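Trainee: Got a structure for you, final23.tsv, holding TSV, C-alpha atoms and all ligand atoms.
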```tsv
chain	number	residue	atom	x	y	z
A	1	MET	CA	-118.30	6.30	-116.32
A	2	ILE	CA	-120.40	7.25	-113.35
A	3	THR	CA	-124.12	7.53	-113.88
A	4	CYS	CA	-125.81	10.17	-111.81
A	5	ILE	CA	-128.80	9.33	-109.69
A	6	ALA	CA	-131.08	11.54	-107.74
A	7	ILE	CA	-130.18	12.05	-104.09
A	8	LEU	CA	-132.44	9.83	-102.06
A	9	PRO	CA	-134.08	11.76	-99.25
A	10	GLY	CA	-134.51	9.91	-96.03
A	11	MET	CA	-131.71	7.44	-96.60
A	12	ILE	CA	-129.52	9.21	-94.09
A	13	HIS	CA	-131.11	10.25	-90.84
A	14	PHE	CA	-129.17	12.77	-88.84
A	15	SER	CA	-129.96	13.88	-85.35
A	16	ALA	CA	-128.04	16.88	-84.08
A	17	ALA	CA	-128.99	16.07	-80.50
A	18	ASN	CA	-126.80	12.99	-80.24
A	19	ALA	CA	-124.88	13.40	-83.49
A	20	GLN	CA	-126.15	10.00	-84.54
A	21	GLN	CA	-126.93	9.16	-88.14
A	22	THR	CA	-128.32	6.00	-89.63
A	23	ILE	CA	-128.01	4.54	-93.07
A	24	GLU	CA	-129.83	1.65	-94.62
A	25	GLY	CA	-129.03	-0.88	-97.28
A	26	ILE	CA	-128.40	-4.55	-97.93
A	27	HIS	CA	-125.79	-6.13	-95.67
A	28	TYR	CA	-123.01	-7.29	-97.96
A	29	ALA	CA	-122.59	-10.63	-96.16
A	30	THR	CA	-126.12	-11.64	-95.17
A	31	GLY	CA	-128.00	-10.12	-98.10
A	32	LYS	CA	-130.56	-8.85	-95.58
A	33	PRO	CA	-131.71	-5.24	-95.12
A	34	VAL	CA	-129.98	-3.47	-92.24
A	35	ARG	CA	-129.81	-0.12	-90.54
A	36	VAL	CA	-126.35	1.02	-89.50
A	37	ALA	CA	-126.14	3.66	-86.78
A	38	ILE	CA	-123.06	5.88	-86.60
A	39	GLU	CA	-122.00	8.14	-83.78
A	40	ASN	CA	-118.83	10.18	-83.52
A	41	GLY	CA	-117.31	8.37	-86.47
A	42	ILE	CA	-117.90	4.91	-85.02
A	43	ILE	CA	-120.47	2.25	-85.90
A	44	VAL	CA	-122.70	1.88	-82.86
A	45	SER	CA	-125.18	-0.68	-84.15
A	46	VAL	CA	-126.04	-2.83	-87.15
A	47	LYS	CA	-129.66	-3.92	-86.90
A	48	PRO	CA	-132.03	-5.73	-89.23
A	49	VAL	CA	-134.90	-3.81	-90.72
A	50	LYS	CA	-138.00	-5.38	-92.21
A	51	LYS	CA	-137.87	-3.74	-95.59
A	52	LEU	CA	-135.91	-1.10	-97.39
A	53	ALA	CA	-137.59	1.64	-99.36
A	54	GLU	CA	-137.77	0.51	-102.96
A	55	ALA	CA	-135.18	3.04	-104.09
A	56	TYR	CA	-132.58	1.51	-101.72
A	57	GLY	CA	-133.43	-2.10	-102.41
A	58	LYS	CA	-130.36	-2.83	-104.52
A	59	THR	CA	-127.76	-0.86	-102.58
A	60	TYR	CA	-125.28	-2.83	-100.52
A	61	ILE	CA	-123.51	-1.60	-97.39
A	62	ALA	CA	-120.02	-2.94	-96.70
A	63	PRO	CA	-116.89	-1.95	-94.84
A	64	GLY	CA	-114.78	0.44	-96.91
A	65	PHE	CA	-112.12	-1.04	-99.16
A	66	PHE	CA	-108.47	-1.18	-98.07
A	67	ASP	CA	-105.78	-1.06	-100.75
A	68	ASN	CA	-102.29	-1.98	-99.57
A	69	GLN	CA	-100.47	-0.97	-102.76
A	70	VAL	CA	-101.14	2.51	-104.13
A	71	ASN	CA	-98.23	4.05	-106.05
A	72	GLY	CA	-100.29	7.09	-106.89
A	73	PHE	CA	-103.69	8.03	-108.26
A	74	ALA	CA	-105.37	10.57	-110.51
A	75	GLY	CA	-102.18	12.27	-111.66
A	76	VAL	CA	-100.53	12.25	-108.22
A	77	SER	CA	-97.48	10.03	-107.82
A	78	PHE	CA	-96.08	8.99	-104.47
A	79	ALA	CA	-93.07	7.30	-106.00
A	80	PHE	CA	-91.46	9.52	-108.61
A	81	GLY	CA	-88.06	11.11	-108.33
A	82	GLU	CA	-88.90	14.63	-109.41
A	83	SER	CA	-92.07	14.50	-107.47
A	84	ASP	CA	-94.50	17.34	-107.19
A	85	LEU	CA	-95.88	15.58	-104.17
A	86	THR	CA	-97.66	18.01	-101.88
A	87	SER	CA	-100.16	17.70	-99.08
A	88	GLU	CA	-102.82	18.91	-101.50
A	89	GLY	CA	-101.74	16.23	-104.00
A	90	ILE	CA	-102.04	13.54	-101.35
A	91	ALA	CA	-105.47	14.89	-100.41
A	92	LYS	CA	-106.53	14.86	-104.07
A	93	ALA	CA	-105.46	11.23	-104.55
A	94	THR	CA	-107.26	10.32	-101.33
A	95	ARG	CA	-110.49	12.03	-102.37
A	96	GLU	CA	-110.39	10.31	-105.76
A	97	LEU	CA	-109.90	6.95	-104.06
A	98	TRP	CA	-112.86	7.67	-101.79
A	99	LYS	CA	-114.97	7.95	-104.94
A	100	CYS	CA	-113.98	4.36	-105.65
A	101	GLY	CA	-114.95	3.16	-102.17
A	102	VAL	CA	-111.34	2.93	-100.96
A	103	THR	CA	-111.39	4.28	-97.40
A	104	THR	CA	-107.95	3.09	-96.30
A	105	TYR	CA	-104.78	2.76	-98.36
A	106	LEU	CA	-101.04	2.45	-98.05
A	107	PRO	CA	-99.15	4.91	-100.27
A	108	THR	CA	-96.44	2.77	-101.80
A	109	LEU	CA	-92.90	3.80	-102.64
A	110	THR	CA	-91.04	1.61	-105.09
A	111	THR	CA	-87.35	1.11	-105.86
A	112	ASN	CA	-85.58	4.44	-106.06
A	113	SER	CA	-82.53	6.27	-104.73
A	114	ARG	CA	-82.13	6.63	-100.98
A	115	GLU	CA	-82.54	10.40	-101.34
A	116	VAL	CA	-85.83	10.15	-103.22
A	117	LEU	CA	-87.24	7.56	-100.83
A	118	LEU	CA	-86.27	9.68	-97.83
A	119	ARG	CA	-87.75	12.84	-99.29
A	120	ASN	CA	-91.01	11.22	-100.38
A	121	PHE	CA	-91.46	9.41	-97.07
A	122	ARG	CA	-90.94	12.72	-95.24
A	123	LEU	CA	-93.58	14.34	-97.44
A	124	LEU	CA	-95.97	11.45	-96.95
A	125	ALA	CA	-95.43	11.32	-93.19
A	126	GLY	CA	-97.29	14.63	-92.94
A	127	ALA	CA	-100.39	12.83	-94.23
A	128	LEU	CA	-100.51	10.66	-91.13
A	129	LYS	CA	-101.61	13.62	-89.06
A	130	ASP	CA	-103.59	15.50	-91.71
A	131	GLU	CA	-107.07	15.65	-90.17
A	132	LYS	CA	-108.83	16.21	-93.47
A	133	LEU	CA	-107.69	12.75	-94.59
A	134	LEU	CA	-109.72	11.28	-91.71
A	135	GLY	CA	-107.19	8.55	-90.97
A	136	ALA	CA	-107.42	7.05	-94.47
A	137	ILE	CA	-103.64	6.63	-94.53
A	138	PRO	CA	-102.51	4.53	-91.55
A	139	GLY	CA	-99.01	3.92	-92.94
A	140	PHE	CA	-96.95	2.98	-95.96
A	141	HIS	CA	-95.70	0.14	-98.11
A	142	LEU	CA	-92.09	0.04	-99.28
A	143	GLU	CA	-91.86	-2.19	-102.38
A	144	GLY	CA	-88.16	-2.58	-103.06
A	145	PRO	CA	-85.40	-1.55	-103.36
A	146	PHE	CA	-84.26	-4.89	-101.87
A	147	ILE	CA	-85.55	-7.03	-104.74
A	148	ASN	CA	-84.07	-9.34	-107.36
A	149	PRO	CA	-82.27	-7.18	-109.97
A	150	GLU	CA	-82.72	-9.66	-112.84
A	151	ASP	CA	-84.84	-8.64	-115.81
A	152	GLY	CA	-88.37	-9.96	-115.48
A	153	PHE	CA	-88.28	-10.50	-111.73
A	154	ARG	CA	-87.48	-6.82	-111.29
A	155	GLY	CA	-90.57	-5.81	-113.31
A	156	ALA	CA	-90.62	-2.08	-114.01
A	157	HIS	CA	-88.38	-1.22	-111.06
A	158	PRO	CA	-85.25	0.68	-112.24
A	159	LYS	CA	-82.22	-1.62	-112.10
A	160	GLN	CA	-79.77	1.08	-111.06
A	161	PHE	CA	-81.52	1.53	-107.73
A	162	VAL	CA	-82.00	-2.14	-106.79
A	163	ARG	CA	-79.75	-3.03	-103.84
A	164	LEU	CA	-79.15	-5.58	-101.11
A	165	PRO	CA	-81.21	-5.46	-97.92
A	166	ASP	CA	-79.78	-2.87	-95.56
A	167	TRP	CA	-81.31	-2.65	-92.09
A	168	ASN	CA	-79.71	0.70	-91.34
A	169	GLU	CA	-81.14	2.22	-94.49
A	170	PHE	CA	-84.54	0.76	-93.74
A	171	GLN	CA	-84.51	2.25	-90.24
A	172	GLU	CA	-83.60	5.63	-91.68
A	173	LEU	CA	-86.45	5.38	-94.19
A	174	ASN	CA	-88.85	4.29	-91.49
A	175	ARG	CA	-87.88	7.24	-89.31
A	176	ALA	CA	-88.56	9.54	-92.27
A	177	ALA	CA	-91.93	7.83	-92.62
A	178	GLY	CA	-92.84	8.59	-89.03
A	179	GLY	CA	-92.23	4.95	-88.08
A	180	LYS	CA	-95.20	3.92	-90.19
A	181	ILE	CA	-93.79	1.67	-92.88
A	182	LEU	CA	-96.29	-1.12	-92.30
A	183	GLN	CA	-94.99	-3.44	-95.00
A	184	VAL	CA	-91.78	-4.01	-96.94
A	185	THR	CA	-91.68	-6.17	-100.06
A	186	LEU	CA	-88.34	-7.84	-100.77
A	187	ALA	CA	-86.65	-10.81	-102.43
A	188	PRO	CA	-85.75	-13.43	-99.80
A	189	GLU	CA	-82.96	-14.96	-101.90
A	190	MET	CA	-80.83	-11.81	-101.77
A	191	GLN	CA	-77.80	-11.71	-99.52
A	192	GLY	CA	-78.74	-10.63	-96.01
A	193	ALA	CA	-82.47	-10.88	-96.65
A	194	GLN	CA	-83.23	-13.53	-94.05
A	195	GLU	CA	-81.65	-11.55	-91.21
A	196	PHE	CA	-83.46	-8.46	-92.48
A	197	ILE	CA	-86.78	-10.34	-92.40
A	198	LYS	CA	-86.16	-11.35	-88.78
A	199	LYS	CA	-85.45	-7.76	-87.77
A	200	CYS	CA	-88.55	-6.43	-89.54
A	201	THR	CA	-90.67	-9.09	-87.90
A	202	GLU	CA	-89.26	-8.29	-84.45
A	203	SER	CA	-90.11	-4.65	-84.95
A	204	GLY	CA	-93.65	-5.34	-86.18
A	205	VAL	CA	-93.17	-4.55	-89.88
A	206	VAL	CA	-95.02	-6.97	-92.16
A	207	VAL	CA	-92.63	-8.62	-94.61
A	208	ALA	CA	-93.86	-9.53	-98.06
A	209	VAL	CA	-91.97	-11.50	-100.65
A	210	GLY	CA	-92.12	-10.08	-104.15
A	211	HIS	CA	-90.11	-9.42	-107.30
A	212	HIS	CA	-88.12	-12.49	-106.31
A	213	ASN	CA	-86.93	-15.85	-107.62
A	214	ALA	CA	-86.69	-17.69	-104.33
A	215	ASN	CA	-86.49	-21.47	-104.30
A	216	LYS	CA	-88.46	-23.59	-101.86
A	217	GLY	CA	-85.79	-23.54	-99.16
A	218	GLN	CA	-85.36	-19.77	-99.33
A	219	LEU	CA	-89.08	-19.16	-99.41
A	220	ASP	CA	-89.90	-21.48	-96.51
A	221	LEU	CA	-87.07	-19.99	-94.45
A	222	ALA	CA	-88.43	-16.50	-95.12
A	223	VAL	CA	-91.81	-17.60	-93.81
A	224	THR	CA	-90.20	-19.21	-90.77
A	225	ASN	CA	-88.41	-15.91	-90.18
A	226	GLY	CA	-91.70	-14.04	-90.31
A	227	ALA	CA	-92.62	-13.24	-93.93
A	228	LYS	CA	-96.40	-13.13	-94.10
A	229	ILE	CA	-97.51	-12.53	-97.66
A	230	SER	CA	-96.59	-12.65	-101.34
A	231	THR	CA	-96.92	-9.30	-103.04
A	232	HIS	CA	-98.97	-9.46	-106.27
A	233	LEU	CA	-98.45	-13.18	-106.78
A	234	GLY	CA	-98.12	-14.06	-110.46
A	235	ASN	CA	-96.48	-10.75	-111.35
A	236	GLY	CA	-92.96	-9.47	-110.78
A	237	CYS	CA	-91.71	-12.64	-112.44
A	238	ALA	CA	-89.82	-13.48	-115.63
A	239	ASN	CA	-91.91	-14.62	-118.59
A	240	MET	CA	-89.77	-17.73	-119.15
A	241	ILE	CA	-89.34	-19.95	-116.09
A	242	SER	CA	-88.63	-23.61	-115.32
A	243	ARG	CA	-91.75	-25.72	-115.09
A	244	HIS	CA	-90.49	-27.30	-111.89
A	245	TYR	CA	-88.11	-24.83	-110.30
A	246	ASN	CA	-89.93	-21.53	-110.28
A	247	PRO	CA	-91.04	-19.24	-107.45
A	248	PHE	CA	-94.76	-20.03	-107.80
A	249	TRP	CA	-94.89	-23.59	-106.47
A	250	PRO	CA	-93.20	-22.82	-103.12
A	251	GLN	CA	-95.46	-19.80	-102.57
A	252	LEU	CA	-98.58	-21.77	-103.37
A	253	ALA	CA	-97.43	-24.79	-101.38
A	254	ASN	CA	-96.69	-22.86	-98.18
A	255	ASP	CA	-99.95	-22.77	-96.21
A	256	GLN	CA	-98.78	-20.04	-93.88
A	257	LEU	CA	-98.16	-17.53	-96.65
A	258	TRP	CA	-100.94	-15.12	-97.63
A	259	ILE	CA	-101.08	-13.62	-101.11
A	260	SER	CA	-102.06	-10.33	-102.64
A	261	ILE	CA	-103.27	-10.45	-106.22
A	262	ILE	CA	-104.04	-7.79	-108.81
A	263	CYS	CA	-107.48	-8.57	-110.24
A	264	ASP	CA	-107.68	-5.86	-112.89
A	265	GLY	CA	-108.09	-8.43	-115.66
A	266	PHE	CA	-104.66	-7.66	-117.17
A	267	HIS	CA	-102.10	-8.71	-114.58
A	268	LEU	CA	-103.49	-12.22	-114.17
A	269	LEU	CA	-105.61	-14.48	-116.34
A	270	PRO	CA	-108.95	-15.48	-114.85
A	271	GLU	CA	-107.71	-19.06	-114.48
A	272	GLU	CA	-104.66	-17.89	-112.53
A	273	VAL	CA	-106.88	-15.96	-110.14
A	274	LEU	CA	-109.10	-19.03	-109.81
A	275	VAL	CA	-106.22	-21.39	-109.03
A	276	PHE	CA	-104.61	-19.00	-106.55
A	277	TYR	CA	-107.96	-18.51	-104.85
A	278	LYS	CA	-108.65	-22.25	-104.71
A	279	ILE	CA	-105.34	-22.79	-102.92
A	280	LYS	CA	-105.26	-19.82	-100.55
A	281	GLY	CA	-108.98	-19.22	-100.06
A	282	ALA	CA	-110.74	-16.07	-98.93
A	283	GLY	CA	-108.93	-16.24	-95.58
A	284	LYS	CA	-105.43	-15.71	-96.98
A	285	THR	CA	-106.02	-13.66	-100.10
A	286	ILE	CA	-105.95	-9.88	-100.44
A	287	ILE	CA	-107.15	-7.97	-103.47
A	288	THR	CA	-104.64	-5.25	-104.26
A	289	SER	CA	-104.39	-2.76	-107.12
A	290	ASP	CA	-100.77	-1.65	-107.67
A	291	VAL	CA	-102.49	1.41	-109.00
A	292	THR	CA	-100.36	4.29	-110.31
A	293	SER	CA	-100.70	8.01	-110.89
A	294	TYR	CA	-102.00	7.24	-114.39
A	295	ALA	CA	-105.17	5.73	-112.97
A	296	ALA	CA	-108.25	7.89	-113.43
A	297	LEU	CA	-106.54	9.74	-116.32
A	298	PRO	CA	-107.72	9.64	-119.97
A	299	PRO	CA	-106.37	6.82	-122.18
A	300	GLY	CA	-103.31	7.77	-124.20
A	301	THR	CA	-99.54	7.79	-124.28
A	302	TYR	CA	-97.58	9.34	-121.44
A	303	THR	CA	-93.89	9.91	-120.75
A	304	THR	CA	-92.70	8.88	-117.31
A	305	GLN	CA	-90.28	10.96	-115.26
A	306	THR	CA	-87.53	8.55	-116.26
A	307	GLY	CA	-88.31	9.24	-119.93
A	308	GLU	CA	-90.04	5.99	-120.76
A	309	THR	CA	-93.12	5.90	-122.96
A	310	ILE	CA	-96.11	4.22	-121.40
A	311	GLU	CA	-99.54	3.62	-122.78
A	312	LEU	CA	-102.90	3.58	-121.05
A	313	THR	CA	-105.33	1.74	-123.30
A	314	PRO	CA	-109.06	2.52	-123.41
A	315	GLU	CA	-109.60	-0.85	-121.69
A	316	GLY	CA	-107.50	0.33	-118.74
A	317	LYS	CA	-104.27	-1.58	-119.44
A	318	LEU	CA	-101.16	0.38	-118.46
A	319	HIS	CA	-97.91	-0.86	-119.99
A	320	LEU	CA	-94.49	-0.12	-121.41
A	321	PRO	CA	-95.10	-1.03	-125.08
A	322	ALA	CA	-91.38	-1.21	-125.93
A	323	GLN	CA	-90.60	-3.80	-123.25
A	324	GLN	CA	-94.00	-5.52	-123.14
A	325	VAL	CA	-94.04	-5.04	-119.37
A	326	LEU	CA	-97.04	-3.91	-117.37
A	327	TYR	CA	-96.46	-0.60	-115.64
A	328	GLY	CA	-98.60	-1.06	-112.58
A	329	SER	CA	-102.33	-0.83	-112.85
A	330	ALA	CA	-104.90	1.77	-113.73
A	331	SER	CA	-107.79	0.12	-111.91
A	332	PRO	CA	-108.59	0.57	-108.23
A	333	VAL	CA	-109.45	-2.47	-106.09
A	334	THR	CA	-113.11	-1.72	-106.76
A	335	LYS	CA	-112.76	-3.42	-110.14
A	336	GLY	CA	-110.99	-6.34	-108.48
A	337	VAL	CA	-113.99	-7.02	-106.23
A	338	GLY	CA	-116.24	-7.65	-109.22
A	339	ASN	CA	-113.56	-9.48	-111.16
A	340	ILE	CA	-112.70	-11.95	-108.42
A	341	MET	CA	-116.38	-12.83	-108.08
A	342	LYS	CA	-116.55	-13.33	-111.83
A	343	PHE	CA	-113.32	-15.33	-112.10
A	344	THR	CA	-113.76	-17.59	-109.05
A	345	GLY	CA	-117.48	-17.68	-108.36
A	346	CYS	CA	-116.82	-16.47	-104.81
A	347	SER	CA	-119.54	-14.66	-102.90
A	348	LEU	CA	-119.72	-10.92	-102.39
A	349	SER	CA	-119.05	-11.60	-98.72
A	350	ASP	CA	-115.79	-13.40	-99.57
A	351	ALA	CA	-114.74	-10.69	-102.01
A	352	ILE	CA	-115.31	-7.98	-99.39
A	353	GLN	CA	-113.36	-9.98	-96.83
A	354	MET	CA	-110.43	-10.02	-99.27
A	355	VAL	CA	-110.55	-6.26	-99.85
A	356	SER	CA	-111.49	-5.00	-96.37
A	357	ALA	CA	-111.13	-7.34	-93.40
A	358	ASN	CA	-108.00	-9.22	-94.49
A	359	PRO	CA	-105.69	-6.23	-95.01
A	360	ALA	CA	-106.91	-4.67	-91.75
A	361	ARG	CA	-106.10	-7.95	-89.99
A	362	LEU	CA	-102.68	-8.26	-91.64
A	363	TYR	CA	-101.57	-4.86	-90.32
A	364	HIS	CA	-103.36	-5.26	-86.97
A	365	LEU	CA	-105.57	-2.27	-87.69
A	366	ASP	CA	-108.29	-3.52	-85.40
A	367	ASP	CA	-110.33	-0.31	-85.67
A	368	ARG	CA	-111.48	-1.03	-89.22
A	369	GLY	CA	-112.21	-3.64	-91.87
A	370	THR	CA	-115.56	-5.03	-90.74
A	371	LEU	CA	-119.15	-3.89	-90.41
A	372	GLU	CA	-119.50	-4.18	-86.64
A	373	PRO	CA	-120.27	-1.96	-83.67
A	374	GLY	CA	-117.13	-0.36	-82.30
A	375	LYS	CA	-115.35	-0.12	-85.67
A	376	ARG	CA	-114.66	3.08	-87.55
A	377	ALA	CA	-117.60	4.04	-89.72
A	378	ASP	CA	-115.63	3.51	-92.91
A	379	LEU	CA	-118.44	2.37	-95.14
A	380	VAL	CA	-119.12	1.95	-98.80
A	381	MET	CA	-122.52	1.70	-100.43
A	382	PHE	CA	-122.73	0.33	-103.94
A	383	THR	CA	-124.76	-1.53	-106.51
A	384	ILE	CA	-123.49	-4.40	-108.65
A	385	ASP	CA	-124.44	-5.04	-112.22
A	386	ASP	CA	-122.69	-7.67	-114.34
A	387	TYR	CA	-119.85	-7.86	-111.79
A	388	LYS	CA	-119.26	-4.12	-111.96
A	389	LEU	CA	-119.56	-2.11	-108.79
A	390	LYS	CA	-121.04	1.34	-108.87
A	391	ILE	CA	-120.15	3.31	-105.78
A	392	VAL	CA	-123.13	5.23	-104.47
A	393	ARG	CA	-121.78	6.61	-101.21
A	394	THR	CA	-118.58	6.49	-99.23
A	395	PHE	CA	-118.24	7.30	-95.55
A	396	VAL	CA	-114.91	7.74	-93.83
A	397	LYS	CA	-114.93	7.89	-90.06
A	398	GLY	CA	-118.63	8.66	-90.30
A	399	ASP	CA	-118.23	11.56	-92.74
A	400	LEU	CA	-120.04	11.30	-96.05
A	401	VAL	CA	-117.05	11.97	-98.32
A	402	TYR	CA	-118.58	10.91	-101.61
A	403	GLU	CA	-122.07	10.72	-102.95
A	404	MET	CA	-122.79	9.73	-106.52
A	405	GLY	CA	-124.36	12.58	-108.42
A	406	ASN	CA	-123.42	15.03	-105.73
A	407	ASN	CA	-119.68	15.10	-106.35
A	408	GLU	CA	-117.21	14.73	-103.54
A	409	LYS	CA	-117.11	16.65	-100.31
B	1	ZN	ZN	-94.43	-4.82	-107.96
```
How does this structure look as structure tokens?
Ligand SMILES: [Zn+2]

Mentor:
Amino acid sequence: MITCIAILPGMIHFSAANAQQTIEGIHYATGKPVRVAIENGIIVSVKPVKKLAEAYGKTYIAPGFFDNQVNGFAGVSFAFGESDLTSEGIAKATRELWKCGVTTYLPTLTTNSREVLLRNFRLLAGALKDEKLLGAIPGFHLEGPFINPEDGFRGAHPKQFVRLPDWNEFQELNRAAGGKILQVTLAPEMQGAQEFIKKCTESGVVVAVGHHNANKGQLDLAVTNGAKISTHLGNGCANMISRHYNPFWPQLANDQLWISIICDGFHLLPEEVLVFYKIKGAGKTIITSDVTSYAALPPGTYTTQTGETIELTPEGKLHLPAQQVLYGSASPVTKGVGNIMKFTGCSLSDAIQMVSANPARLYHLDDRGTLEPGKRADLVMFTIDDYKLKIVRTFVKGDLVYEMGNNEK
């Protein structure tokens, strides 16, 4: 629940003469008061100030959050078969994510028929050039359909659409997506996967391993061939696995492999998050959400487009009660920032690195992800209380797109 506050006059200074505005708050990494100057959508300076006005004294400024796995949001699905996906729907999901401090995200399509994937990628490709989205969508994530079809490893992906890696199909999908599939998540043990990984890597597509049951040899070979990251490590796995021969040890043991983890408090236990973080560190960990269209909707029971009953609990857990399988998440990465600090004891600076700088670095989006001159003015201002972030303002490319108590733009 968002608590309204009064608009704070003087916090934003705007000069029409040079179109420069400044904002002030606590630097998320140094803990010191700073003034950030923005011009033409770009950060032009970040300078220390002696003291903030009392009303601003608890508000942090950080680079906007970057979520690399967004299946949908606020009633808008990117992934469904009978999709009502429209440019207005994409804009609505984007605006709702802005309210959560998410300034960049990758709409994510999961395992589905070739026809549905093609159609949805074509629809989404229009968002790349939609000026009102302010560049919040730099590309897409394809999770599946080249995953392990076995129950458990497959997660909630529909079995009938799981298939072997097919480079021709991927190229066709990527063309439909305007050439902007930035990441594909696949199972490296499937026939043809290693060659597929090499081709993706050569063409600059980030390969993630996920929904897989790869052994050490298969996993290490995938990394040698260019795989960069594990998608939502700890999930997309069977409940019953061998204590020795399971996909976790090779992924944790391989120092080159980054991980993304869902820190909503349901997908992983706090001790799992802690152990993963201890091994990979803030440099190789990304906070992701796997958030679905049911996020930001009221708790209750819903029927999916494939006729399955899912439940969103008041606590924010989204699951298929009949199969005892989680059905993606209902919490944006914003919740993950507070949770990872709580679960691991990491600093705010480290948490922000894992939700902003690291994904930008992974996809070579050098224009964003840090609070530095020359970067896009994608900024989030927030307070933290008991590990819960309250978003106060969000700027995307210098535009104030959300202000608490003043509704969205
Ligand atoms: Zn998944």

Trainee: Per residue of chain A within 7 Å of ligand ZN 1 (chain B), note the shortest atom pair and the distance in Å to one decimal, counting all atoms listed in the file, and order the rows by chain and increasing residue number, as CSV.

Mentor:
```
residue,atom,partner,partner_atom,distance
A:Glu143,CA,B:ZN1,ZN,6.7
A:Gly155,CA,B:ZN1,ZN,6.7
A:Gly210,CA,B:ZN1,ZN,6.9
A:His211,CA,B:ZN1,ZN,6.3
A:His232,CA,B:ZN1,ZN,6.7
A:Gly236,CA,B:ZN1,ZN,5.6
```

Trainee: Counting only C-alpha atoms, which residue out of A:Gly72, A:Gly300, A:Pro33, A:Gly336 sits closest to Glu54 in chain A?

Mentor: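 Of all the options, A:Pro33 lies closest to Glu54 in chain A.
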
Trainee: Using all atoms listed in the file, pick whichever of A:Gly31, A:Gly369, A:Pro107, A:Pro165 has the shortest atom-to-atom distance to Lys397 in chain A.

Mentor: A:Gly369

Trainee: Contacts of range 38-40 of chain A at 10 Å or less, counting all atoms listed in the file, minus same-chain residues fewer than 4 places along, as a list of chain:residue names?

Mentor: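 In the requested format, the answer is A:Phe14, A:Ser15, A:Asn18, A:Ala19, A:Gln20, A:Gln21, A:Thr22, A:Ile23, A:Val44, A:Ser45, A:Val46, A:Pro373, A:Gly374, A:Lys375, A:Arg376, A:Ala377, A:Lys397, A:Gly398, A:Asp399.
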
Trainee: Write the residues of the preceding selection, restricted to C-alpha atoms, as an mmCIF file, in the frame of the given file.

Mentor:
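For reference, again.cif as written:
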```cif
data_model
loop_
_atom_site.group_PDB
_atom_site.id
_atom_site.type_symbol
_atom_site.label_atom_id
_atom_site.label_comp_id
_atom_site.auth_asym_id
_atom_site.auth_seq_id
_atom_site.Cartn_x
_atom_site.Cartn_y
_atom_site.Cartn_z
ATOM 1 C CA PHE A 14 -129.170 12.770 -88.840
ATOM 2 C CA SER A 15 -129.960 13.880 -85.350
ATOM 3 C CA ASN A 18 -126.800 12.990 -80.240
ATOM 4 C CA ALA A 19 -124.880 13.400 -83.490
ATOM 5 C CA GLN A 20 -126.150 10.000 -84.540
ATOM 6 C CA GLN A 21 -126.930 9.160 -88.140
ATOM 7 C CA THR A 22 -128.320 6.000 -89.630
ATOM 8 C CA ILE A 23 -128.010 4.540 -93.070
ATOM 9 C CA VAL A 44 -122.700 1.880 -82.860
ATOM 10 C CA SER A 45 -125.180 -0.680 -84.150
ATOM 11 C CA VAL A 46 -126.040 -2.830 -87.150
ATOM 12 C CA PRO A 373 -120.270 -1.960 -83.670
ATOM 13 C CA GLY A 374 -117.130 -0.360 -82.300
ATOM 14 C CA LYS A 375 -115.350 -0.120 -85.670
ATOM 15 C CA ARG A 376 -114.660 3.080 -87.550
ATOM 16 C CA ALA A 377 -117.600 4.040 -89.720
ATOM 17 C CA LYS A 397 -114.930 7.890 -90.060
ATOM 18 C CA GLY A 398 -118.630 8.660 -90.300
ATOM 19 C CA ASP A 399 -118.230 11.560 -92.740
#
```

Trainee: Excluding range 219-221 of chain A and its own-chain neighbours fewer than 3 positions away, which residues fall within 12 Å of it when counting only C-alpha atoms? Please give them as a count of residues only.

Mentor: 37

Trainee: Could you check the closest approach to Ser260 in chain A for each of A:Val116, A:Ile241, A:Ile287, A:Leu320 and tell me which residue wins, using only C-alpha atoms?

Mentor: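 Selected residue with least distance to Ser260 in chain A: A:Ile287.
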